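Colleague: Just one file: start_13.tsv, with TSV, C-alpha atoms and all ligand atoms.
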```tsv
chain	number	residue	atom	x	y	z
A	1	MET	CA	128.08	148.29	151.34
A	2	LYS	CA	128.69	151.43	153.40
A	3	ARG	CA	124.98	152.21	153.59
A	4	LYS	CA	124.45	148.70	154.97
A	5	ILE	CA	126.97	149.48	157.68
A	6	ILE	CA	124.88	152.39	158.86
A	7	ALA	CA	121.68	150.39	158.73
A	8	ALA	CA	123.24	147.71	160.91
A	9	ALA	CA	124.52	150.32	163.32
A	10	LEU	CA	121.12	151.86	163.65
A	11	ALA	CA	119.56	148.48	164.20
A	12	GLY	CA	121.92	148.15	167.18
A	13	MET	CA	123.40	144.91	165.91
A	14	LEU	CA	126.94	144.36	164.83
A	15	ILE	CA	128.72	147.32	163.35
A	16	PHE	CA	130.99	146.56	160.42
A	17	THR	CA	133.69	149.04	159.67
A	18	GLY	CA	134.62	150.31	156.25
A	19	CYS	CA	137.67	148.24	155.63
A	20	SER	CA	139.52	146.55	158.39
A	21	ALA	CA	137.52	145.63	161.39
A	22	GLU	CA	134.32	144.43	162.93
A	23	TYR	CA	133.35	144.65	166.51
A	24	SER	CA	130.63	143.40	168.71
A	25	VAL	CA	128.84	146.07	170.65
A	26	ASN	CA	126.05	144.04	172.17
A	27	GLY	CA	128.07	142.42	174.90
A	28	THR	CA	127.15	138.87	173.89
A	29	ALA	CA	130.58	137.91	172.70
A	30	GLY	CA	132.11	136.91	176.02
A	31	GLY	CA	135.01	139.06	177.12
A	32	SER	CA	136.48	139.09	180.58
A	33	ALA	CA	133.68	140.38	182.77
A	34	GLY	CA	134.47	138.61	186.01
A	35	ASP	CA	133.30	139.53	189.51
A	36	SER	CA	135.61	142.48	189.83
A	37	SER	CA	134.43	144.09	186.61
A	38	LYS	CA	130.82	143.46	187.64
A	39	SER	CA	131.31	145.44	190.80
A	40	SER	CA	133.06	148.25	188.96
A	41	ASP	CA	130.19	148.12	186.49
A	42	MET	CA	127.70	148.65	189.34
A	43	ALA	CA	129.77	151.53	190.64
A	44	ALA	CA	129.78	153.03	187.14
A	45	LYS	CA	126.02	152.72	186.96
A	46	ASP	CA	125.59	154.49	190.30
A	47	ALA	CA	127.72	157.33	189.00
A	48	ASP	CA	126.04	157.40	185.58
A	49	PRO	CA	122.51	156.03	185.27
A	50	MET	CA	122.92	156.07	181.49
A	51	ALA	CA	126.25	154.20	181.56
A	52	ASP	CA	125.14	151.50	179.11
A	53	GLN	CA	123.15	153.73	176.78
A	54	ALA	CA	124.80	154.05	173.36
A	55	PHE	CA	124.84	157.18	171.20
A	56	ASP	CA	126.04	157.05	167.60
A	57	ARG	CA	127.18	159.67	165.16
A	58	VAL	CA	128.12	159.00	161.55
A	59	ILE	CA	130.27	161.61	159.82
A	60	TYR	CA	129.94	162.15	156.07
A	61	ASP	CA	132.55	163.59	153.75
A	62	ALA	CA	131.90	166.29	151.14
A	63	MET	CA	130.56	163.63	148.74
A	64	THR	CA	128.08	162.53	151.45
A	65	VAL	CA	129.86	159.21	151.83
A	66	PRO	CA	129.95	158.08	155.45
A	67	TYR	CA	133.61	157.81	156.38
A	68	MET	CA	133.65	157.83	160.11
A	69	SER	CA	131.47	156.59	162.90
A	70	LEU	CA	131.62	157.40	166.56
A	71	ARG	CA	129.90	155.57	169.39
A	72	ALA	CA	129.96	156.74	172.98
A	73	TYR	CA	128.12	155.60	176.08
A	74	GLY	CA	126.68	157.38	179.07
A	75	GLN	CA	125.28	160.71	180.14
A	76	HIS	CA	128.13	162.72	178.58
A	77	ALA	CA	128.02	160.91	175.25
A	78	GLU	CA	125.87	163.29	173.21
A	79	ASP	CA	127.97	166.37	173.98
A	80	ALA	CA	131.15	164.40	173.41
A	81	LEU	CA	129.95	163.19	170.00
A	82	ILE	CA	129.24	166.75	168.87
A	83	ALA	CA	132.69	167.84	170.06
A	84	GLY	CA	134.17	164.81	168.28
A	85	GLU	CA	132.60	165.75	164.98
A	86	VAL	CA	133.79	169.35	165.30
A	87	GLU	CA	137.30	168.01	165.91
A	88	ILE	CA	137.21	165.75	162.84
A	89	ARG	CA	136.23	168.69	160.63
A	90	ARG	CA	138.84	170.96	162.22
A	91	LEU	CA	141.65	168.46	161.64
A	92	ASP	CA	140.50	167.70	158.12
A	93	ASP	CA	140.60	171.41	157.26
A	94	LEU	CA	144.03	171.69	158.84
A	95	LEU	CA	145.72	168.63	157.36
A	96	SER	CA	144.18	167.88	153.94
A	97	THR	CA	146.75	168.46	151.20
A	98	GLY	CA	143.83	169.04	148.83
A	99	LYS	CA	142.40	172.01	150.77
A	100	SER	CA	144.21	175.19	149.78
A	101	GLY	CA	143.77	176.82	153.20
A	102	SER	CA	145.17	173.84	155.11
A	103	ASP	CA	148.42	173.98	157.01
A	104	THR	CA	149.87	171.26	154.78
A	105	ALA	CA	148.88	173.01	151.55
A	106	LYS	CA	150.39	176.28	152.80
A	107	ILE	CA	153.67	174.65	153.83
A	108	ASN	CA	153.86	172.95	150.43
A	109	ALA	CA	153.06	176.15	148.53
A	110	ASN	CA	155.51	178.29	150.52
A	111	GLY	CA	158.32	175.79	151.10
A	112	GLY	CA	157.72	175.96	154.84
A	113	GLY	CA	156.35	178.31	157.46
A	114	VAL	CA	155.14	178.50	161.03
A	115	LEU	CA	152.94	175.56	161.94
A	116	THR	CA	149.84	175.28	164.07
A	117	PRO	CA	150.40	173.15	167.19
A	118	ASP	CA	148.73	170.09	165.60
A	119	THR	CA	150.90	170.19	162.49
A	120	ALA	CA	154.01	170.91	164.53
A	121	TYR	CA	153.29	167.83	166.65
A	122	LEU	CA	152.70	165.67	163.58
A	123	THR	CA	155.88	166.95	161.96
A	124	GLU	CA	157.86	166.12	165.07
A	125	VAL	CA	156.40	162.61	165.36
A	126	SER	CA	156.87	162.00	161.62
A	127	LEU	CA	160.51	163.09	161.69
A	128	ASP	CA	161.18	160.91	164.75
A	129	LEU	CA	159.58	157.98	162.96
A	130	HIS	CA	161.64	158.67	159.86
A	131	ASP	CA	164.72	158.41	162.06
A	132	SER	CA	163.73	155.36	164.05
A	133	THR	CA	162.44	153.41	161.01
A	134	GLY	CA	165.56	153.98	158.93
A	135	GLY	CA	163.61	156.18	156.51
A	136	ALA	CA	160.69	153.78	155.91
A	137	PHE	CA	158.27	156.45	157.12
A	138	ASP	CA	158.74	159.57	155.03
A	139	ILE	CA	156.18	162.39	154.76
A	140	SER	CA	158.06	163.76	151.75
A	141	VAL	CA	156.83	160.89	149.52
A	142	TYR	CA	153.91	163.13	148.53
A	143	PRO	CA	155.17	163.96	144.98
A	144	LEU	CA	155.52	160.21	144.43
A	145	MET	CA	151.93	159.72	145.56
A	146	GLU	CA	150.91	162.24	142.91
A	147	LEU	CA	153.04	160.58	140.26
A	148	TRP	CA	151.55	157.18	141.06
A	149	GLY	CA	148.08	158.66	140.84
A	150	PHE	CA	146.99	158.21	144.43
A	151	THR	CA	145.92	161.81	144.91
A	152	SER	CA	142.97	163.69	143.49
A	153	GLN	CA	145.20	166.05	141.50
A	154	PHE	CA	146.52	163.29	139.29
A	155	GLU	CA	146.98	163.92	135.56
A	156	ASP	CA	148.70	161.39	133.29
A	157	GLU	CA	150.83	161.91	130.15
A	158	ALA	CA	147.75	161.87	127.92
A	159	GLY	CA	146.13	164.62	129.98
A	160	ASN	CA	143.65	162.25	131.66
A	161	THR	CA	142.77	163.34	135.15
A	162	GLY	CA	141.30	161.28	137.89
A	163	THR	CA	142.10	159.60	141.13
A	164	VAL	CA	143.69	156.42	139.85
A	165	ARG	CA	146.46	155.94	137.31
A	166	ARG	CA	146.16	153.00	134.95
A	167	GLU	CA	149.84	152.40	134.14
A	168	ALA	CA	152.99	152.57	136.25
A	169	PRO	CA	154.88	155.84	135.74
A	170	ALA	CA	158.10	155.85	133.71
A	171	GLU	CA	161.18	154.72	135.64
A	172	LYS	CA	162.93	157.97	134.79
A	173	ASP	CA	160.11	160.05	136.31
A	174	ILE	CA	160.23	158.00	139.49
A	175	ALA	CA	164.01	158.39	139.69
A	176	ASP	CA	163.69	162.15	139.11
A	177	ILE	CA	161.23	162.66	141.92
A	178	LEU	CA	163.05	160.28	144.23
A	179	THR	CA	165.99	162.69	144.39
A	180	ARG	CA	163.67	165.12	146.20
A	181	VAL	CA	162.33	162.59	148.73
A	182	ASP	CA	164.23	162.64	152.00
A	183	ALA	CA	162.58	163.80	155.21
A	184	SER	CA	165.96	164.14	156.93
A	185	LYS	CA	166.41	167.32	154.88
A	186	ILE	CA	163.35	168.97	156.44
A	187	GLU	CA	164.50	171.67	158.83
A	188	TYR	CA	162.20	171.71	161.83
A	189	ASP	CA	162.58	174.30	164.57
A	190	ALA	CA	160.80	172.97	167.66
A	191	ASP	CA	161.06	176.29	169.56
A	192	LYS	CA	159.46	178.31	166.81
A	193	GLY	CA	157.25	175.47	165.56
A	194	SER	CA	158.37	176.18	162.01
A	195	VAL	CA	159.70	174.17	159.08
A	196	VAL	CA	161.76	174.84	155.99
A	197	LEU	CA	161.43	172.37	153.11
A	198	PRO	CA	164.19	171.94	150.54
A	199	ASP	CA	163.42	173.18	147.04
A	200	GLN	CA	160.52	171.27	145.42
A	201	MET	CA	159.91	169.03	148.41
A	202	ARG	CA	156.29	168.59	149.45
A	203	ILE	CA	154.81	166.71	152.37
A	204	ASP	CA	151.66	164.86	153.33
A	205	PHE	CA	150.52	163.38	156.64
A	206	GLY	CA	148.38	160.71	154.93
A	207	GLY	CA	150.22	157.89	156.70
A	208	ILE	CA	149.57	159.23	160.19
A	209	ALA	CA	146.67	161.75	160.14
A	210	LYS	CA	143.83	159.30	160.71
A	211	GLY	CA	145.47	157.86	163.79
A	212	TYR	CA	146.14	161.35	165.12
A	213	THR	CA	142.51	162.29	164.50
A	214	SER	CA	141.18	159.26	166.36
A	215	GLN	CA	143.62	159.94	169.19
A	216	CYS	CA	142.38	163.55	169.46
A	217	ILE	CA	138.76	162.39	169.50
A	218	ALA	CA	139.52	159.84	172.22
A	219	ASP	CA	141.14	162.61	174.29
A	220	ILE	CA	138.09	164.84	173.76
A	221	PHE	CA	135.75	162.02	174.75
A	222	ARG	CA	137.73	161.39	177.93
A	223	SER	CA	137.83	165.07	178.85
A	224	ASN	CA	134.04	165.15	178.36
A	225	GLY	CA	133.68	162.38	180.95
A	226	VAL	CA	133.12	159.49	178.53
A	227	THR	CA	134.58	156.23	179.81
A	228	SER	CA	133.37	153.85	177.09
A	229	ALA	CA	133.53	154.65	173.38
A	230	LEU	CA	134.49	153.34	169.99
A	231	ILE	CA	135.92	155.52	167.25
A	232	ASP	CA	136.00	154.08	163.75
A	233	LEU	CA	137.77	156.01	161.03
A	234	GLY	CA	137.34	153.92	157.93
A	235	GLY	CA	138.40	150.72	159.61
A	236	ASN	CA	140.97	152.28	161.93
A	237	ILE	CA	139.70	151.73	165.43
A	238	GLN	CA	140.39	153.61	168.63
A	239	THR	CA	138.74	152.49	171.84
A	240	VAL	CA	138.09	154.45	175.03
A	241	GLY	CA	137.89	152.16	178.05
A	242	GLY	CA	136.15	148.84	177.54
A	243	LYS	CA	132.53	148.05	176.75
A	244	PRO	CA	129.97	149.48	179.17
A	245	ASP	CA	129.82	146.10	180.97
A	246	GLY	CA	133.55	146.36	181.66
A	247	SER	CA	134.64	143.68	179.19
A	248	PRO	CA	137.13	144.47	176.40
A	249	TRP	CA	136.13	145.61	172.93
A	250	LYS	CA	136.47	142.90	170.31
A	251	VAL	CA	138.05	144.23	167.17
A	252	ALA	CA	138.09	141.89	164.18
A	253	LEU	CA	140.85	142.41	161.63
A	254	ASN	CA	139.75	142.44	158.02
A	255	ASP	CA	141.23	139.65	155.91
A	256	ARG	CA	142.27	141.89	153.02
A	257	ASN	CA	138.74	142.23	151.66
A	258	ARG	CA	138.30	138.45	151.38
A	259	GLY	CA	135.06	138.53	153.31
A	260	THR	CA	136.57	136.83	156.37
A	261	PHE	CA	138.65	138.02	159.30
A	262	LEU	CA	142.28	137.45	160.15
A	263	GLY	CA	141.24	137.17	163.77
A	264	VAL	CA	139.91	139.11	166.73
A	265	VAL	CA	141.85	141.19	169.22
A	266	GLN	CA	140.32	142.16	172.55
A	267	VAL	CA	141.37	145.56	173.81
A	268	LYS	CA	140.64	148.43	176.18
A	269	ASP	CA	141.95	151.97	175.66
A	270	MET	CA	143.85	150.97	172.55
A	271	ALA	CA	144.08	151.91	168.90
A	272	VAL	CA	143.96	149.09	166.35
A	273	ILE	CA	145.11	150.43	163.01
A	274	SER	CA	145.81	148.53	159.80
A	275	SER	CA	147.66	149.23	156.57
A	276	GLY	CA	147.18	147.12	153.49
A	277	GLY	CA	147.98	147.16	149.82
A	278	TYR	CA	144.41	145.97	149.24
A	279	GLU	CA	143.05	149.34	150.41
A	280	ARG	CA	144.02	151.38	147.34
A	281	ASN	CA	145.60	150.02	144.19
A	282	PHE	CA	145.23	149.70	140.44
A	283	THR	CA	145.90	146.98	137.92
A	284	ALA	CA	148.11	147.99	134.97
A	285	SER	CA	147.61	146.60	131.46
A	286	ASP	CA	150.33	143.98	132.07
A	287	GLY	CA	148.26	142.66	134.98
A	288	LYS	CA	150.60	143.92	137.69
A	289	VAL	CA	148.91	145.51	140.70
A	290	TYR	CA	150.37	148.67	142.23
A	291	HIS	CA	149.34	149.87	145.68
A	292	HIS	CA	149.56	153.11	147.62
A	293	ILE	CA	152.23	152.51	150.27
A	294	ILE	CA	155.44	153.73	148.73
A	295	ASP	CA	158.91	152.52	149.65
A	296	PRO	CA	160.96	155.72	149.89
A	297	ALA	CA	164.10	153.69	149.07
A	298	THR	CA	162.83	152.73	145.60
A	299	GLY	CA	159.97	155.06	144.71
A	300	TYR	CA	157.81	151.98	143.99
A	301	PRO	CA	155.00	150.46	146.05
A	302	ALA	CA	156.42	148.50	148.98
A	303	ASP	CA	157.38	144.98	147.92
A	304	ASN	CA	159.47	143.48	150.71
A	305	GLY	CA	157.07	140.68	151.64
A	306	PHE	CA	154.16	143.02	152.25
A	307	SER	CA	152.81	143.98	148.88
A	308	VAL	CA	149.30	144.08	147.54
A	309	ASP	CA	148.09	140.94	149.35
A	310	ALA	CA	149.34	141.70	152.83
A	311	SER	CA	148.30	143.59	155.92
A	312	VAL	CA	149.93	145.09	158.99
A	313	SER	CA	147.84	145.82	162.07
A	314	ILE	CA	149.28	147.74	164.99
A	315	ILE	CA	147.85	147.67	168.50
A	316	CYS	CA	149.06	150.62	170.55
A	317	SER	CA	147.65	152.96	173.20
A	318	ASP	CA	148.66	155.94	171.06
A	319	GLY	CA	146.65	156.17	167.83
A	320	THR	CA	149.15	158.48	166.13
A	321	MET	CA	151.96	155.99	166.65
A	322	ALA	CA	149.75	153.07	165.63
A	323	ASP	CA	149.03	154.74	162.30
A	324	GLY	CA	152.61	155.83	161.63
A	325	LEU	CA	153.90	152.38	162.53
A	326	SER	CA	151.40	150.48	160.38
A	327	THR	CA	152.67	152.32	157.32
A	328	SER	CA	156.33	152.04	158.41
A	329	LEU	CA	156.28	148.31	159.12
A	330	TYR	CA	154.49	147.73	155.82
A	331	VAL	CA	157.38	149.36	153.98
A	332	MET	CA	159.96	147.41	156.00
A	333	GLY	CA	158.59	143.96	155.20
A	334	PRO	CA	158.18	141.15	157.77
A	335	GLU	CA	161.80	140.56	158.76
A	336	LYS	CA	162.71	144.15	159.47
A	337	ALA	CA	159.28	144.79	161.00
A	338	ILE	CA	159.89	142.01	163.54
A	339	GLU	CA	163.38	143.30	164.23
A	340	TYR	CA	161.96	146.80	164.78
A	341	TRP	CA	159.29	145.46	167.16
A	342	ARG	CA	161.93	143.60	169.20
A	343	ALA	CA	163.65	146.93	169.80
A	344	HIS	CA	160.32	148.64	170.73
A	345	SER	CA	158.26	145.78	172.17
A	346	ASP	CA	157.04	147.79	175.16
A	347	GLU	CA	155.51	150.41	172.85
A	348	PHE	CA	153.19	148.40	170.57
A	349	ASP	CA	152.05	145.00	169.31
A	350	PHE	CA	151.25	143.71	165.85
A	351	VAL	CA	149.44	141.22	163.65
A	352	LEU	CA	151.31	140.76	160.37
A	353	MET	CA	149.99	138.93	157.33
A	354	THR	CA	152.47	138.45	154.49
A	355	ASP	CA	151.75	138.20	150.78
A	356	ASP	CA	152.21	134.44	151.02
A	357	ASP	CA	149.75	134.06	153.92
A	358	LYS	CA	152.18	133.74	156.82
A	359	MET	CA	150.75	135.31	159.92
A	360	TYR	CA	152.77	136.64	162.85
A	361	VAL	CA	151.42	137.93	166.16
A	362	SER	CA	153.61	139.67	168.71
A	363	GLU	CA	153.91	138.18	172.20
A	364	GLY	CA	152.26	141.11	173.98
A	365	ILE	CA	148.80	140.25	172.58
A	366	GLU	CA	149.17	136.47	172.77
A	367	ASP	CA	146.38	136.23	175.35
A	368	CYS	CA	143.96	138.62	173.72
A	369	PHE	CA	144.24	137.57	170.07
A	370	SER	CA	142.53	134.58	168.47
A	371	SER	CA	141.93	133.36	164.95
A	372	ASP	CA	139.57	130.70	163.64
A	373	THR	CA	140.80	131.26	160.12
A	374	TYR	CA	144.61	131.07	160.20
A	375	LYS	CA	147.43	129.41	162.06
A	376	TYR	CA	149.92	131.96	163.29
A	377	GLU	CA	153.30	132.20	164.87
A	378	ILE	CA	153.81	134.11	168.12
A	379	VAL	CA	156.86	136.34	167.83
A	380	ARG	CA	158.80	136.52	171.08
A	381	ARG	CA	160.96	139.36	172.33
B	1	LIG	P1	148.26	153.97	155.68
B	1	LIG	O1	146.98	153.50	155.10
B	1	LIG	O2	148.15	154.47	157.08
B	1	LIG	O3	149.36	152.98	155.55
B	1	LIG	O4	148.70	155.26	154.88
B	1	LIG	C1	148.90	155.26	153.52
B	1	LIG	C2	149.12	156.68	153.12
B	1	LIG	O5	150.35	157.14	153.68
B	1	LIG	C3	149.26	156.89	151.63
B	1	LIG	O6	148.02	157.12	151.02
B	1	LIG	C4	150.17	158.13	151.58
B	1	LIG	O7	149.41	159.30	151.78
B	1	LIG	C5	151.07	157.93	152.78
B	1	LIG	N1	152.31	157.20	152.51
B	1	LIG	C6	152.58	156.29	151.53
B	1	LIG	N2	153.82	155.79	151.66
B	1	LIG	C7	154.35	156.39	152.77
B	1	LIG	C8	155.62	156.30	153.43
B	1	LIG	N3	156.58	155.47	153.02
B	1	LIG	N4	155.81	157.09	154.52
B	1	LIG	C9	154.84	157.93	154.97
B	1	LIG	N5	153.64	158.05	154.40
B	1	LIG	C10	153.39	157.29	153.30
B	2	MG	MG	149.43	154.55	158.66
```
How does this structure look as structure tokens?
Ligand code: AMP
Ligand code: MG

Modeller:
Amino acid sequence: MKRKIIAAALAGMLIFTGCSAEYSVNGTAGGSAGDSSKSSDMAAKDADPMADQAFDRVIYDAMTVPYMSLRAYGQHAEDALIAGEVEIRRLDDLLSTGKSGSDTAKINANGGGVLTPDTAYLTEVSLDLHDSTGGAFDISVYPLMELWGFTSQFEDEAGNTGTVRREAPAEKDIADILTRVDASKIEYDADKGSVVLPDQMRIDFGGIAKGYTSQCIADIFRSNGVTSALIDLGGNIQTVGGKPDGSPWKVALNDRNRGTFLGVVQVKDMAVISSGGYERNFTASDGKVYHHIIDPATGYPADNGFSVDASVSIICSDGTMADGLSTSLYVMGPEKAIEYWRAHSDEFDFVLMTDDDKMYVSEGIEDCFSSDTYKYEIVRR
């Protein structure tokens, strides 16, 4: 499937993302290019004769699986793409819990330490989110991720290693680890940029790192003079500007791997980031499916109306927040998620799909969201 994505990209047709979105890049899908955007388009072309020329770069992981694709337009695009790839590798080396030299691995091994500016920023945002979400977002769930088998270091009771557990862990083991999960106990010193973790606590930025990475790449693109670009990190989308013709990007939200789309959102300069239980899960021998977004209140996969068959998409100008919020709202479940949005409605918008196929769209994107597949309710402030 992923190889097909690349082939399509190279053919200059539609690009399909890894898991949660599709977007049109050929400008045929309408959009809002009226007279005013035509004239700004002409001005852009005067300034950059290559304004509508696309450059693509696909980034592969260590297993040579493509996991990221970048597209930028214009005369600065090629340089920006190279800088973007360097940034992806830099942040991966810095944040991956699995890389022993990473900031995260060092903090976990030493129970704290002085952080690099990127990790300090992520720690600060994560602790703020922990506060504002009533603990739904908690970077200290990492030992639970290991226990549930959603990390590469997983080893079960029988000594089997691998990336996916086949049975739910024992209740007692979950309860044991849960006593060490509480991000409010992380001591963060903003002046020194240092943290102290309580005994046996370990952290992971898995719920926020992709959004931060796409945000950093967007910033690098902009500082390289790129005004139109699309950054796709495994289905998490960040856009720079609109399409080269001035119309918005059309981002289609994956319908939980059902081969259709929840709908399409049209955006400029926005991140569109989704969380879903369908992304990573396993089926135990009793038939129950367990997914990878853990409710820090219970130690079990979130099950408050968003479980394995749901999805939460966040539309926000800040990719880091979009990613942190998609995970947080997933844990909260639909009612609390809507309540949270009402208190922060000027900061982001959402498309929620519950386990029982109820879809909610926040008022702020009423005019730029559409769905041929589902009826949905607009949630008002
Ligand atoms: P996402 O796909 O953005 O929702 O992120 C899921 C990832 O976030 C998981 O693979 C974990 O690394 C991490 N994670 C899981 N549960 C939580 C939580 N409650 N708070 C913060 N991070 C979490
Ligand atoms: Mg997230």

Colleague: Counting all atoms listed in the file, which residues in chain A sit no more than 7 Å from ligand MG 2 (chain B)? For each one, give the nearest pair of atoms and the distance in Å, sorted by chain then residue number, as a tab-separated table.

Modeller:
```
residue	atom	partner	partner_atom	distance
A:Gly207	CA	B:MG2	MG	4.0
A:Ile208	CA	B:MG2	MG	4.9
A:Ser275	CA	B:MG2	MG	6.0
A:Asp323	CA	B:MG2	MG	3.7
A:Gly324	CA	B:MG2	MG	4.5
A:Leu325	CA	B:MG2	MG	6.3
A:Ser326	CA	B:MG2	MG	4.8
A:Thr327	CA	B:MG2	MG	4.2
```

Colleague: Around the point (124.7, 156.9, 177.3) (coordinates from the file), which residues reach within 7 Å if we count only C-alpha atoms? Answer as a list in words.

Modeller: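 Neighbouring residues, ordered by chain and number, come to Met50, Ala51, Asp52, Gln53, Ala54, Phe55, Ala72, Tyr73, Gly74, Gln75, His76 and Ala77 of chain A.
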
Colleague: Given the selection you just returned, output its residues as a file containing C-alpha atoms, formatted as a CSV table (one decimal), keeping the file's coordinate frame.

Modeller:
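Everything below was put into out_14.csv:
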```
chain,number,residue,atom,x,y,z
A,50,MET,CA,122.9,156.1,181.5
A,51,ALA,CA,126.2,154.2,181.6
A,52,ASP,CA,125.1,151.5,179.1
A,53,GLN,CA,123.2,153.7,176.8
A,54,ALA,CA,124.8,154.0,173.4
A,55,PHE,CA,124.8,157.2,171.2
A,72,ALA,CA,130.0,156.7,173.0
A,73,TYR,CA,128.1,155.6,176.1
A,74,GLY,CA,126.7,157.4,179.1
A,75,GLN,CA,125.3,160.7,180.1
A,76,HIS,CA,128.1,162.7,178.6
A,77,ALA,CA,128.0,160.9,175.2
```

Colleague: Given the choices A:Asp93, A:Asp118, A:Asp138, A:Asp349, which gets closest to ligand LIG 1 (chain B) if the distance is worked out from all atoms listed in the file?

Modeller: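 Looking at the shortest contact to ligand LIG 1 (chain B), the residue is A:Asp138.
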
Colleague: Once you count all atoms listed in the file, which residues end up within 7 Å of ligand LIG 1 (chain B), and could you hand them over as JSON, numbers by chain?

Modeller: {"A": [136, 137, 138, 139, 141, 142, 145, 150, 204, 205, 206, 207, 208, 274, 275, 276, 292, 293, 294, 295, 296, 323, 324, 326, 327, 328, 331]}

Colleague: Find the distance between atom CA of Ala322 of chain A and atom CA of Thr227 of chain A and write it in Å to one decimal.

Modeller: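 Separation between atom CA of Ala322 of chain A and atom CA of Thr227 of chain A: 21.0 Å.
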
Colleague: From the set A:Ala168, A:Val361, A:Leu95, A:Ala271, which residue has the shortest atom-to-atom contact distance to Lys288 of chain A, counting all atoms listed in the file?

Modeller: A:Ala168

Colleague: Any idea what the distance is between atom CA of Leu230 of chain A and atom CA of Ala209 of chain A?

Modeller: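 A separation of 17.8 Å between them.
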